[in-house]
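Chemist: Enclosed is the structure file model.cif (mmCIF, C-alpha atoms and all ligand atoms).
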```cif
data_coords
loop_
_atom_site.label_atom_id
_atom_site.label_comp_id
_atom_site.auth_asym_id
_atom_site.auth_seq_id
_atom_site.Cartn_x
_atom_site.Cartn_y
_atom_site.Cartn_z
CA MET A 26 17.62 4.69 -3.02
CA ARG A 27 16.75 8.30 -2.31
CA VAL A 28 15.69 9.38 1.16
CA TYR A 29 13.51 12.38 1.98
CA CYS A 30 13.54 13.21 5.65
CA ALA A 31 10.74 15.59 6.63
CA ALA A 32 10.33 17.28 9.99
CA ASP A 33 7.06 15.59 10.85
CA TYR A 34 4.23 13.40 9.58
CA TYR A 35 2.41 16.29 7.90
CA HIS A 36 5.47 17.27 5.88
CA ALA A 37 6.38 13.67 5.04
CA SER A 38 2.83 13.22 3.73
CA ARG A 39 3.23 16.32 1.56
CA VAL A 40 6.47 14.97 0.08
CA ALA A 41 4.83 11.62 -0.75
CA ALA A 42 1.79 13.40 -2.21
CA ASN A 43 4.12 15.56 -4.31
CA ILE A 44 5.74 12.47 -5.81
CA ILE A 45 2.33 10.97 -6.61
CA SER A 46 1.18 14.28 -8.12
CA ALA A 47 4.25 14.44 -10.33
CA GLN A 48 3.47 10.92 -11.54
CA VAL A 49 -0.16 11.79 -12.33
CA ILE A 50 0.81 15.01 -14.11
CA MET A 51 3.58 13.36 -16.16
CA LYS A 52 1.43 10.35 -17.07
CA PRO A 53 -2.30 11.08 -16.59
CA ASP A 54 -3.26 7.47 -17.37
CA CYS A 55 -0.72 5.98 -14.98
CA VAL A 56 -1.25 2.96 -12.73
CA LEU A 57 -0.83 3.76 -9.04
CA GLY A 58 -0.17 0.95 -6.60
CA LEU A 59 -1.85 1.96 -3.36
CA ALA A 60 -1.64 0.93 0.29
CA THR A 61 -3.97 1.18 3.25
CA GLY A 62 -2.97 1.52 6.92
CA SER A 63 -2.46 4.64 9.02
CA THR A 64 0.65 5.92 7.28
CA PRO A 65 -0.69 6.94 3.85
CA ILE A 66 -3.79 8.68 5.22
CA GLY A 67 -2.00 12.06 5.39
CA THR A 68 -0.76 11.58 1.83
CA TYR A 69 -4.27 10.85 0.59
CA GLU A 70 -5.62 13.88 2.46
CA GLN A 71 -3.06 16.07 0.71
CA LEU A 72 -3.93 14.63 -2.70
CA ILE A 73 -7.61 15.37 -1.99
CA ARG A 74 -6.75 18.99 -1.09
CA TRP A 75 -4.83 19.47 -4.33
CA TYR A 76 -7.64 17.81 -6.30
CA GLU A 77 -10.18 20.15 -4.70
CA LYS A 78 -8.01 23.15 -5.66
CA GLY A 79 -8.13 21.94 -9.26
CA ASP A 80 -4.44 21.05 -9.40
CA LEU A 81 -4.90 17.32 -9.96
CA ASP A 82 -7.02 15.22 -12.30
CA PHE A 83 -7.44 11.51 -11.60
CA SER A 84 -9.98 10.83 -14.36
CA GLN A 85 -7.62 8.61 -16.35
CA VAL A 86 -5.72 7.09 -13.43
CA HIS A 87 -5.98 3.39 -12.60
CA SER A 88 -5.17 2.08 -9.15
CA ILE A 89 -4.23 -1.35 -7.88
CA ASN A 90 -4.22 -1.95 -4.15
CA LEU A 91 -1.77 -4.16 -2.37
CA ASP A 92 -4.07 -6.34 -0.33
CA GLU A 93 -7.45 -7.23 1.14
CA TYR A 94 -8.65 -9.32 4.05
CA ARG A 95 -10.06 -12.65 2.96
CA GLY A 96 -13.74 -12.93 3.85
CA LEU A 97 -14.56 -9.23 4.19
CA SER A 98 -17.05 -7.63 1.81
CA PRO A 99 -16.42 -4.21 0.23
CA GLU A 100 -19.19 -2.82 2.47
CA ASN A 101 -17.50 -4.03 5.64
CA GLU A 102 -16.02 -0.96 7.30
CA GLN A 103 -12.81 -2.82 8.07
CA SER A 104 -12.24 -3.96 4.50
CA TYR A 105 -9.49 -2.30 2.55
CA ARG A 106 -11.93 -1.55 -0.29
CA TYR A 107 -14.04 0.44 2.18
CA PHE A 108 -10.91 2.18 3.48
CA MET A 109 -9.84 3.24 -0.01
CA ASN A 110 -13.32 4.47 -0.94
CA THR A 111 -13.69 6.57 2.19
CA HIS A 112 -10.12 7.88 2.45
CA LEU A 113 -9.54 8.62 -1.22
CA PHE A 114 -11.68 7.34 -4.08
CA ASP A 115 -14.98 8.94 -2.96
CA LYS A 116 -13.24 12.31 -2.69
CA ILE A 117 -11.44 12.56 -6.04
CA ASN A 118 -12.51 12.11 -9.65
CA ILE A 119 -11.06 8.64 -10.15
CA ASP A 120 -13.45 6.29 -11.96
CA LYS A 121 -14.23 3.51 -9.45
CA LYS A 122 -14.26 1.03 -12.34
CA ASN A 123 -10.55 1.77 -12.67
CA THR A 124 -9.76 0.98 -9.03
CA PHE A 125 -8.78 -2.54 -8.07
CA VAL A 126 -8.55 -4.25 -4.70
CA PRO A 127 -8.31 -8.06 -4.34
CA ASP A 128 -11.75 -9.67 -4.07
CA GLY A 129 -12.01 -10.59 -0.39
CA LEU A 130 -15.24 -12.46 -1.03
CA GLU A 131 -13.80 -14.83 -3.64
CA PRO A 132 -13.69 -18.12 -1.72
CA ASP A 133 -11.40 -19.79 -4.25
CA SER A 134 -8.09 -18.30 -3.19
CA GLU A 135 -6.21 -19.52 -6.25
CA LYS A 136 -8.74 -17.87 -8.52
CA ALA A 137 -8.73 -14.63 -6.51
CA CYS A 138 -4.94 -14.39 -6.79
CA ARG A 139 -4.72 -15.44 -10.43
CA ASP A 140 -7.41 -12.92 -11.40
CA TYR A 141 -5.54 -10.18 -9.57
CA GLU A 142 -2.23 -10.92 -11.29
CA GLU A 143 -4.09 -10.81 -14.61
CA ILE A 144 -5.45 -7.38 -13.74
CA ILE A 145 -1.94 -6.12 -12.93
CA HIS A 146 -0.51 -7.47 -16.17
CA ALA A 147 -3.45 -6.30 -18.29
CA HIS A 148 -2.73 -2.77 -17.08
CA GLY A 149 0.93 -2.98 -18.01
CA GLY A 150 2.13 -3.17 -14.40
CA VAL A 151 2.33 -0.53 -11.70
CA ASP A 152 4.04 2.78 -12.50
CA LEU A 153 4.30 4.02 -8.92
CA GLN A 154 3.83 1.78 -5.89
CA ILE A 155 3.11 3.31 -2.48
CA LEU A 156 4.13 1.17 0.50
CA GLY A 157 3.84 1.39 4.24
CA LEU A 158 6.14 -0.67 6.45
CA GLY A 159 4.95 -3.13 9.09
CA HIS A 160 6.74 -3.23 12.45
CA ASN A 161 7.96 -6.73 11.56
CA GLY A 162 9.20 -5.56 8.16
CA HIS A 163 6.20 -6.73 6.16
CA ILE A 164 5.19 -5.02 2.95
CA GLY A 165 1.67 -5.64 1.76
CA PHE A 166 0.86 -8.70 3.86
CA ASN A 167 4.14 -10.41 3.02
CA GLU A 168 5.14 -11.53 6.47
CA PRO A 169 8.66 -12.48 7.60
CA GLY A 170 9.76 -15.64 5.84
CA SER A 171 7.76 -14.91 2.64
CA ALA A 172 9.51 -16.12 -0.48
CA PHE A 173 10.73 -13.23 -2.61
CA GLU A 174 9.49 -14.90 -5.81
CA LYS A 175 5.79 -14.94 -4.86
CA GLU A 176 3.12 -13.13 -6.85
CA THR A 177 -0.37 -12.41 -5.48
CA HIS A 178 -1.20 -15.12 -2.93
CA CYS A 179 -3.25 -15.94 0.13
CA VAL A 180 -1.48 -15.52 3.49
CA THR A 181 -2.18 -16.49 7.05
CA LEU A 182 -1.66 -13.33 9.09
CA SER A 183 0.91 -13.45 11.87
CA GLU A 184 -0.23 -12.79 15.45
CA ASN A 185 1.95 -9.68 15.44
CA THR A 186 0.08 -8.25 12.43
CA ARG A 187 -3.35 -9.28 13.72
CA GLN A 188 -2.62 -7.54 17.02
CA ALA A 189 -1.34 -4.42 15.24
CA ASN A 190 -4.56 -4.28 13.21
CA ALA A 191 -6.88 -5.22 16.09
CA ARG A 192 -7.31 -1.52 16.93
CA PHE A 193 -9.67 -1.23 13.95
CA PHE A 194 -11.93 -4.12 15.04
CA ALA A 195 -14.40 -4.47 17.92
CA SER A 196 -12.56 -7.51 19.26
CA MET A 197 -9.50 -9.63 18.51
CA GLU A 198 -11.79 -12.49 17.36
CA GLU A 199 -13.10 -10.30 14.53
CA VAL A 200 -9.64 -9.67 13.08
CA PRO A 201 -9.42 -11.84 9.96
CA THR A 202 -6.85 -14.59 9.92
CA GLU A 203 -6.13 -14.55 6.20
CA ALA A 204 -5.59 -12.02 3.43
CA TYR A 205 -4.91 -11.81 -0.28
CA THR A 206 -1.78 -9.83 -0.99
CA MET A 207 0.40 -8.89 -3.90
CA GLY A 208 3.61 -10.85 -3.47
CA ILE A 209 7.12 -9.51 -3.22
CA LYS A 210 7.68 -10.33 -6.89
CA SER A 211 4.57 -8.36 -7.92
CA ILE A 212 5.68 -5.42 -5.77
CA MET A 213 9.25 -5.48 -7.10
CA GLN A 214 7.94 -5.25 -10.67
CA ALA A 215 6.64 -1.72 -10.04
CA LYS A 216 8.63 0.83 -12.01
CA LYS A 217 9.02 3.15 -9.03
CA ILE A 218 8.36 2.56 -5.32
CA VAL A 219 7.73 5.08 -2.56
CA VAL A 220 7.92 3.80 1.02
CA ILE A 221 6.36 6.08 3.63
CA VAL A 222 7.37 5.72 7.27
CA SER A 223 6.42 7.74 10.29
CA GLY A 224 6.91 7.70 14.03
CA GLU A 225 9.55 6.44 16.42
CA SER A 226 8.01 2.98 16.55
CA LYS A 227 9.20 2.41 12.95
CA LYS A 228 12.79 3.51 13.63
CA GLU A 229 14.25 0.05 14.33
CA ILE A 230 12.57 -1.68 11.41
CA VAL A 231 13.56 1.11 9.01
CA LYS A 232 17.17 0.57 10.03
CA LYS A 233 16.91 -3.20 9.59
CA ALA A 234 15.08 -2.99 6.26
CA PHE A 235 17.28 -0.43 4.56
CA HIS A 236 20.65 -0.87 6.26
CA GLY A 237 20.56 -4.54 7.28
CA PRO A 238 21.08 -7.74 5.31
CA ILE A 239 18.65 -8.59 2.51
CA THR A 240 16.66 -11.50 3.88
CA PRO A 241 13.11 -12.91 3.68
CA GLU A 242 13.06 -12.52 7.50
CA VAL A 243 12.75 -8.77 6.84
CA PRO A 244 10.58 -8.70 3.70
CA ALA A 245 11.11 -4.96 3.06
CA SER A 246 14.87 -5.51 2.86
CA VAL A 247 14.30 -6.78 -0.69
CA LEU A 248 13.62 -3.16 -1.66
CA GLN A 249 17.38 -2.57 -1.48
CA LEU A 250 17.53 -4.51 -4.77
CA HIS A 251 15.04 -2.27 -6.60
CA ASN A 252 16.60 0.43 -8.74
CA ASP A 253 14.06 3.19 -8.09
CA VAL A 254 13.00 3.37 -4.45
CA ILE A 255 12.28 6.57 -2.55
CA LEU A 256 12.04 6.41 1.24
CA VAL A 257 9.96 9.24 2.66
CA GLY A 258 9.72 9.67 6.39
CA ASP A 259 9.65 11.95 9.35
CA GLU A 260 12.62 12.54 11.60
CA ALA A 261 11.28 10.16 14.25
CA ALA A 262 11.23 7.19 11.88
CA LEU A 263 14.44 8.04 10.05
CA ALA A 264 16.49 8.92 13.13
C1 LIG B 301 -1.49 -1.88 3.83
C2 LIG B 301 -0.42 -2.84 3.96
C3 LIG B 301 0.47 -2.92 5.15
C4 LIG B 301 0.77 -1.60 5.83
C5 LIG B 301 1.67 -1.79 7.04
C6 LIG B 301 1.93 -0.50 7.78
O1 LIG B 301 -2.17 -2.04 2.60
O2 LIG B 301 -0.26 -3.60 3.07
O3 LIG B 301 1.68 -3.53 4.75
O4 LIG B 301 1.36 -0.73 4.91
O5 LIG B 301 1.10 -2.72 7.91
O6 LIG B 301 0.73 -0.09 8.35
P1 LIG B 301 0.60 1.31 9.10
O7 LIG B 301 0.74 2.35 8.04
O8 LIG B 301 -0.77 1.29 9.70
O9 LIG B 301 1.70 1.39 10.10
#
```
Please go through the file and, once you have read it, give me the structure as structure tokens.

Modeler:
Amino acid sequence: MRVYCAADYYHASRVAANIISAQVIMKPDCVLGLATGSTPIGTYEQLIRWYEKGDLDFSQVHSINLDEYRGLSPENEQSYRYFMNTHLFDKINIDKKNTFVPDGLEPDSEKACRDYEEIIHAHGGVDLQILGLGHNGHIGFNEPGSAFEKETHCVTLSENTRQANARFFASMEEVPTEAYTMGIKSIMQAKKIVVIVSGESKKEIVKKAFHGPITPEVPASVLQLHNDVILVGDEAALA
């Protein structure tokens, strides 16, 4: 594992955006695995700036997102599809037809997950996976205790995660209780993984995930077994 420690969030975001840029330049038709959440926003902003300067071309890129709330439509402002459109896809020249997020409106959860795995495989897998890290060690929506061998599946969100995400919803009752997420196995099949962490509140879980025992109780600890992981963070998170 390589670690890039940047002074602050802005610089950590630039490092992560640099790695993504390198991927897009080296392989213009690459498959990017993308995440939502607060952490990658700065990275996406930087990619947009470089795109606007003419330094990046996303016209052949495909993207596959980690997860989506079950029951939310793409138009719902809290859906991850809406997040990706507004924070990145609407602002670069990626073809929306080449962007994939699990179908939150598919009521048949087995079908939703099977279809998503088929999409991943049909694209030859993910070249570069971007991950954020939950305070409980989750990656995607793989909560503590998730089996490492799972592919895309439907999860019941933990109270911890629902509370962490409640800030985006009008009330706690509106926070969905389930989500479709790529599983640990799907994530581990990515050729390269970049984990972005920021802020002091992530310090303890970073230590557990990357320096503690490998255990399903800390889902991100499985990343210690991947042969090409880059951890990018600010000093507060990597302290
Ligand atoms: C997002 C996702 C989550 C977040 C994690 C960290 O698609 O799958 O695992 O990456 O919850 O979220 P933030 O960045 O908001 O701290």

Chemist: Enumerate, in order of chain and increasing residue number, the residues of chain A with an atom no farther than 6 Å from ligand LIG 301 (chain B), each with its shortest atom pair and distance in Å to one decimal, counting all atoms listed in the file, as a Markdown table.

Modeler:
```
| residue | atom | partner | partner_atom | distance |
| --- | --- | --- | --- | --- |
| A:Ala60 | CA | B:LIG301 | O1 | 3.8 |
| A:Thr61 | CA | B:LIG301 | O1 | 3.7 |
| A:Gly62 | CA | B:LIG301 | O8 | 3.6 |
| A:Ser63 | CA | B:LIG301 | O8 | 3.8 |
| A:Thr64 | CA | B:LIG301 | O7 | 3.7 |
| A:Leu91 | CA | B:LIG301 | O1 | 5.4 |
| A:Asp92 | CA | B:LIG301 | O1 | 5.5 |
| A:Leu156 | CA | B:LIG301 | O4 | 5.5 |
| A:Gly157 | CA | B:LIG301 | O4 | 3.3 |
| A:Leu158 | CA | B:LIG301 | C6 | 4.4 |
| A:Gly159 | CA | B:LIG301 | O5 | 4.0 |
| A:His163 | CA | B:LIG301 | O3 | 5.7 |
| A:Ile164 | CA | B:LIG301 | O3 | 4.2 |
| A:Gly165 | CA | B:LIG301 | O2 | 3.1 |
| A:Phe166 | CA | B:LIG301 | O2 | 5.3 |
```

Chemist: Need the shell around Val151 in chain A: protein/DNA/RNA residues with any atom at most 8 Å away, counting only C-alpha atoms. Skip same-chain ones fewer than 2 positions apart. Format as number ranges by chain?

Modeler: A: 55-58, 89, 145, 148-149, 153-154, 214-216

Chemist: Print the selection's residues with C-alpha atoms to a file, as a PDB file, in the coordinates of the input.

Modeler:
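Contents of part31.pdb, as written:
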```pdb
ATOM      1  CA  CYS A  55      -0.720   5.980 -14.980  1.00  0.00           C
ATOM      2  CA  VAL A  56      -1.250   2.960 -12.730  1.00  0.00           C
ATOM      3  CA  LEU A  57      -0.830   3.760  -9.040  1.00  0.00           C
ATOM      4  CA  GLY A  58      -0.170   0.950  -6.600  1.00  0.00           C
ATOM      5  CA  ILE A  89      -4.230  -1.350  -7.880  1.00  0.00           C
ATOM      6  CA  ILE A 145      -1.940  -6.120 -12.930  1.00  0.00           C
ATOM      7  CA  HIS A 148      -2.730  -2.770 -17.080  1.00  0.00           C
ATOM      8  CA  GLY A 149       0.930  -2.980 -18.010  1.00  0.00           C
ATOM      9  CA  LEU A 153       4.300   4.020  -8.920  1.00  0.00           C
ATOM     10  CA  GLN A 154       3.830   1.780  -5.890  1.00  0.00           C
ATOM     11  CA  GLN A 214       7.940  -5.250 -10.670  1.00  0.00           C
ATOM     12  CA  ALA A 215       6.640  -1.720 -10.040  1.00  0.00           C
ATOM     13  CA  LYS A 216       8.630   0.830 -12.010  1.00  0.00           C
TER      14      LYS A 216
END
```

Chemist: What lies within 10 Å of range 185-190 of chain A using only C-alpha atoms, ignoring chain neighbours under 5 positions off, as a list in words?

Modeler: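 Contacts, with the query itself left out: Gly62, Gln103, Gly159, His160, Asn161, His163, Phe166, Glu168, Met197, Glu198, Glu199, Val200, Pro201, Thr202 and Glu203 of chain A.
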
Chemist: Between A:Glu242, A:Asp140, A:Asp33, A:Asp259, which one has atoms that come closest to Asp128 in chain A, using all atoms listed in the file?

Modeler: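 Closest candidate: A:Asp140.
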
Chemist: Excluding Leu72 in chain A and any residue of its chain fewer than 5 positions from it, enumerate the residues within 12 Å of it, using only C-alpha atoms, and give them as a ChimeraX atom specification.

Modeler: /A:38-47,49,65-67,77-83,112-114,116-119

Chemist: Hey, which of A:Gln85, A:Ser134, A:Ser226, A:Ser211 ends up closest to Thr181 in chain A? Count all atoms listed in the file.

Modeler: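 Distance minimum relative to Thr181 in chain A lands on A:Ser134.
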
Chemist: Could you pull the residues within 6 Å of Pro169 in chain A, counting only C-alpha atoms, minus those fewer than 3 positions along the same chain, as a list of chain:residue names?

Modeler: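 Within the cut-off, the hits are A:Pro241, A:Glu242, A:Val243, A:Pro244.
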
Chemist: How far is it from CA of Ile209 in chain A to CA of Phe173 in chain A, in Å with one decimal?

Modeler: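 Those two atoms sit 5.2 Å apart.
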
Chemist: Kindly indicate which residue among A:Glu174, A:Glu93, A:Glu184, A:Glu260 lies nearest to His36 in chain A, using only C-alpha atoms for the distances.

Modeler: A:Glu260

Chemist: So that I can see what lies close to Gly208 in chain A, please list as a PDB file with C-alpha atoms, in the frame of the given file the residues with an atom at most 7 Å from it, counting only C-alpha atoms and leaving out residues fewer than 5 positions away in the same chain.

Modeler:
```pdb
ATOM      1  CA  ASN A 167       4.140 -10.410   3.020  1.00  0.00           C
ATOM      2  CA  LYS A 175       5.790 -14.940  -4.860  1.00  0.00           C
ATOM      3  CA  GLU A 176       3.120 -13.130  -6.850  1.00  0.00           C
ATOM      4  CA  THR A 177      -0.370 -12.410  -5.480  1.00  0.00           C
ATOM      5  CA  HIS A 178      -1.200 -15.120  -2.930  1.00  0.00           C
TER       6      HIS A 178
END
```

Chemist: What is the distance, in Å and to one decimal place, between CA of Leu130 in chain A and CA of Tyr107 in chain A?

Modeler: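 Separation of CA of Leu130 in chain A and CA of Tyr107 in chain A: 13.3 Å.
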
Chemist: Figure out the distance between CA of Leu256 in chain A and CA of Cys30 in chain A, please, to one decimal in Å.

Modeler: 8.2 Å

Chemist: What residues have an atom no more than 10 Å from (-5.3, -15.0, -6.6) in the file's own frame, counting only C-alpha atoms, and can you write them as JSON, numbers by chain?

Modeler: {"A": [127, 128, 131, 133, 134, 135, 136, 137, 138, 139, 140, 141, 142, 143, 176, 177, 178, 179, 205, 206, 207]}
